[in-house]
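Shown next, in structure tokens, is the structure this report addresses.
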Amino acid sequence: MIAADVVAALAAVSDPLDAVHLQRFFKTGPGEYGEGDVFVGVRVPATRKVVKSFAELPLDEVDVLLDSEVHEHRLAGLLILNAQFAAASKPRNFDVEKQERVVDRYLGAIGRRRVNNWDLVDSSAENILGPWLFDRRRDLLFSFARSADLWERRIALLTTFHFIKQGDASTTFELAELLLPDRADLIQKALGWMLREVGKKVDGALLLSYLEQHASAMGRTALSYATEHLDPETRRALRAS
């Protein structure tokens with residue numbers, strides 16, 4: 001089982017017309033956030049179906065996928081890392097050494113700028129770094145939040161989605177303090193999304209208290225996302241701050 005087998009399986013379900021659509025959707029033009037990214041035209045559900053057959057792909061071969069110029073190859077590599085981390089986390093097969101190997105490969109890919117579009121971040125950060133860091137020091141996320149790299153900042157926020165689902169909003173709020181002035185659209189959306197999820201999954205009153213203190217300093221996009229599920233009167237009042 002090698003990376004070339006995954007590439008061939010993805011090619012078999014690719015569509016050139018979808019490739020054109022995906023390159024536009026993921027903003028691959030000059031000066032856009034996905035500038036230069038290459039698509040072969042495989043939709044996410046089809047990619048997920050393909051990788052089910054390659055869940056045990058050796059990590060060196062996963063790196064081959066992650067270093068591909070093709071977006072869908074990188075997504076496949078990340079989904080395989082997800083699957084391997086999840087398998088190593090099951091009570092019957094718990095393997096912290098395997099978890100660490102997966103995390104090392106993931107961090108390596110981040111360092112090589114291979115986790116470099118919003119869907120790649122969103123499909124991996126909470127599934128790998130989230131459970132890995134939940135009971136560990138989270139300093140790495142604050143380093144990412146201070147990074148000049150857009151994707152590292154988004155990784156920091158999206159990792160906390162796992163914490164939120166476990167009822168822990170602390171790191172989300174701490175990162176929000178750092179990223180509140182960040183006006184990059186994909187950070188604004190991620191910040192507002194994570195804050196909204198705090199209100200839905202942890203404590204609505206906690207979110208409201210935070211917004212009452214910080215709404216006036218938030219970007220309009222982040223505030224819009226964060227208040228999306230509040231009642232209309234409260235939403236209007238906060239957005240008028």
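Chain labels run A, B, ... following the order of the structure tokens; each chain numbers its residues from 1, and ligands are numbered from 1 in the order shown.
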Contacts of Ile155 (chain A) within 10 Å, only C-alpha atoms, excl. fewer than 5 positions in-chain, as a ChimeraX atom specification:
/A:110,115-116,118,120-122,124-126,129-130,141,144-145,150,160,187,190
May I have the residues within 8 Å of region 176-183 of chain A as a list in words, using only C-alpha atoms and disregarding those fewer than 5 positions away in the same chain?
Ala145, Arg146, Gln188, Leu191, Ala217, Met218 and Gly219 of chain A
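Every protein, DNA or RNA residue with an atom at most 8 Å from Asp15 (chain A), where only C-alpha atoms count and chain neighbours fewer than 5 positions away do not, is listed here: Val40, Gly41 and Val42 of chain A.
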Can those selected residues be exported to a file as a CSV table (one decimal), in the first residue's frame so that it contains N, CA and C atoms?
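Saved result, selection10.csv, follows:
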```csv
chain,number,residue,atom,x,y,z
A,40,VAL,N,-7.8,18.3,-8.8
A,40,VAL,CA,-8.1,17.4,-9.9
A,40,VAL,C,-9.6,17.1,-10.0
A,41,GLY,N,-10.4,17.6,-9.1
A,41,GLY,CA,-11.8,17.5,-9.2
A,41,GLY,C,-12.5,16.3,-8.5
A,42,VAL,N,-12.1,16.1,-7.2
A,42,VAL,CA,-12.7,15.1,-6.4
A,42,VAL,C,-13.4,15.8,-5.2
```
Among region 56-197 of chain A, which residues does DSSP mark as helix (DSSP H, G or I) when it is run on the backbone? Keep the chain and numbering as in the structure and answer as a PyMOL selection string.
chain A and resi 59-66+71-89+91-93+96-111+118-122+125-133+139-145+150-165+170-179+185-197
List the neighbours of Ala215 (chain A) out to 12 Å using only C-alpha atoms; skip same-chain residues closer than 2 positions along the sequence, and give me the result as a VMD selection string.
chain A and resid 176 180 to 181 192 195 207 to 213 217 to 227 234 to 241
Show me, as a count of residues only, the residues that have an atom within 6 Å of Ile80 (chain A) when counting only C-alpha atoms, minus same-chain residues fewer than 3 positions from it.
3
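Residue nearest Ile164 (chain A), chosen from A:Asp203, A:Asp149, A:Asp37, A:Asp104 and counting only C-alpha atoms: A:Asp203.
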CA of Phe163 (chain A) to CA of Arg112 (chain A): how many Å, to one decimal?
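Taking CA of Phe163 (chain A) and CA of Arg112 (chain A), their separation equals 25.7 Å.
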Between A:Asp119, A:Glu97, A:Glu56, A:Asp5, which one has atoms that come closest to Glu72 (chain A), using only C-alpha atoms?
A:Asp119
All residues 8 Å or closer to Phe54 (chain A), only C-alpha atoms, same chain fewer than 2 positions away omitted, as a CSV table (one decimal) with N, CA and C atoms, in the first residue's frame:
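Final output, saved to selection05.csv:
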```csv
chain,number,residue,atom,x,y,z
A,1,MET,N,0.8,-1.2,0.0
A,1,MET,CA,0.0,0.0,0.0
A,1,MET,C,0.9,1.2,0.0
A,6,VAL,N,-3.3,5.6,-3.6
A,6,VAL,CA,-4.3,6.6,-3.2
A,6,VAL,C,-4.6,7.6,-4.3
A,50,VAL,N,-12.8,7.1,-0.6
A,50,VAL,CA,-11.5,6.5,-1.1
A,50,VAL,C,-10.6,6.2,0.1
A,51,VAL,N,-10.5,7.1,1.0
A,51,VAL,CA,-9.4,6.9,2.1
A,51,VAL,C,-9.8,5.8,3.1
A,52,LYS,N,-11.1,5.4,3.1
A,52,LYS,CA,-11.5,4.3,3.9
A,52,LYS,C,-10.7,3.0,3.6
A,56,GLU,N,-4.6,2.4,6.9
A,56,GLU,CA,-3.4,1.9,7.5
A,56,GLU,C,-2.2,2.3,6.6
A,57,LEU,N,-2.3,3.3,5.7
A,57,LEU,CA,-1.2,3.7,4.9
A,57,LEU,C,0.0,4.0,5.7
A,80,ILE,N,-6.4,10.4,6.5
A,80,ILE,CA,-5.8,9.2,6.9
A,80,ILE,C,-5.2,9.4,8.3
```
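Of the listed residues (A:Asp63, A:Asn127, A:Arg92, A:His73), A:Asp63 comes nearest to Gly108 (chain A); the distances count only C-alpha atoms.
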Contact residues around Leu78 (chain A) with only C-alpha atoms at 8 Å, ignoring same-chain residues under 2 positions, as an mmCIF file with C-alpha atoms, in the first residue's frame:
```
data_model
loop_
_atom_site.group_PDB
_atom_site.id
_atom_site.type_symbol
_atom_site.label_atom_id
_atom_site.label_comp_id
_atom_site.auth_asym_id
_atom_site.auth_seq_id
_atom_site.Cartn_x
_atom_site.Cartn_y
_atom_site.Cartn_z
ATOM 1 C CA LEU A 66 0.771 15.721 2.201
ATOM 2 C CA ARG A 74 -3.273 16.543 0.829
ATOM 3 C CA LEU A 75 -6.839 16.229 2.106
ATOM 4 C CA ALA A 76 -6.638 12.447 1.719
ATOM 5 C CA ILE A 80 -5.792 9.165 6.913
ATOM 6 C CA LEU A 81 -3.975 10.835 9.824
ATOM 7 C CA ASN A 82 -7.382 11.456 11.423
ATOM 8 C CA TYR A 106 0.752 16.518 11.333
ATOM 9 C CA LEU A 120 -7.666 21.174 5.273
ATOM 10 C CA SER A 123 -11.038 18.686 8.743
ATOM 11 C CA SER A 124 -7.916 17.943 10.798
#
```
Choose the residue, out of A:Pro232, A:Arg114, A:Tyr33, A:Ile2, that has the smallest atom-to-atom separation from Asp60 (chain A); count only C-alpha atoms.
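Distance minimum relative to Asp60 (chain A) lands on A:Ile2.
The space separating CA of Thr47 (chain A) from CA of Leu10 (chain A) comes to 6.8 Å.
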Find the distance between CA of Asn93 (chain A) and CA of Arg137 (chain A) and write it in Å to one decimal.
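Result for CA of Asn93 (chain A) versus CA of Arg137 (chain A): 24.2 Å, one decimal.
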For Leu59 (chain A), which of A:Arg105, A:His21, A:Arg154, A:His214 is the closest residue, counting only C-alpha atoms?
A:Arg105
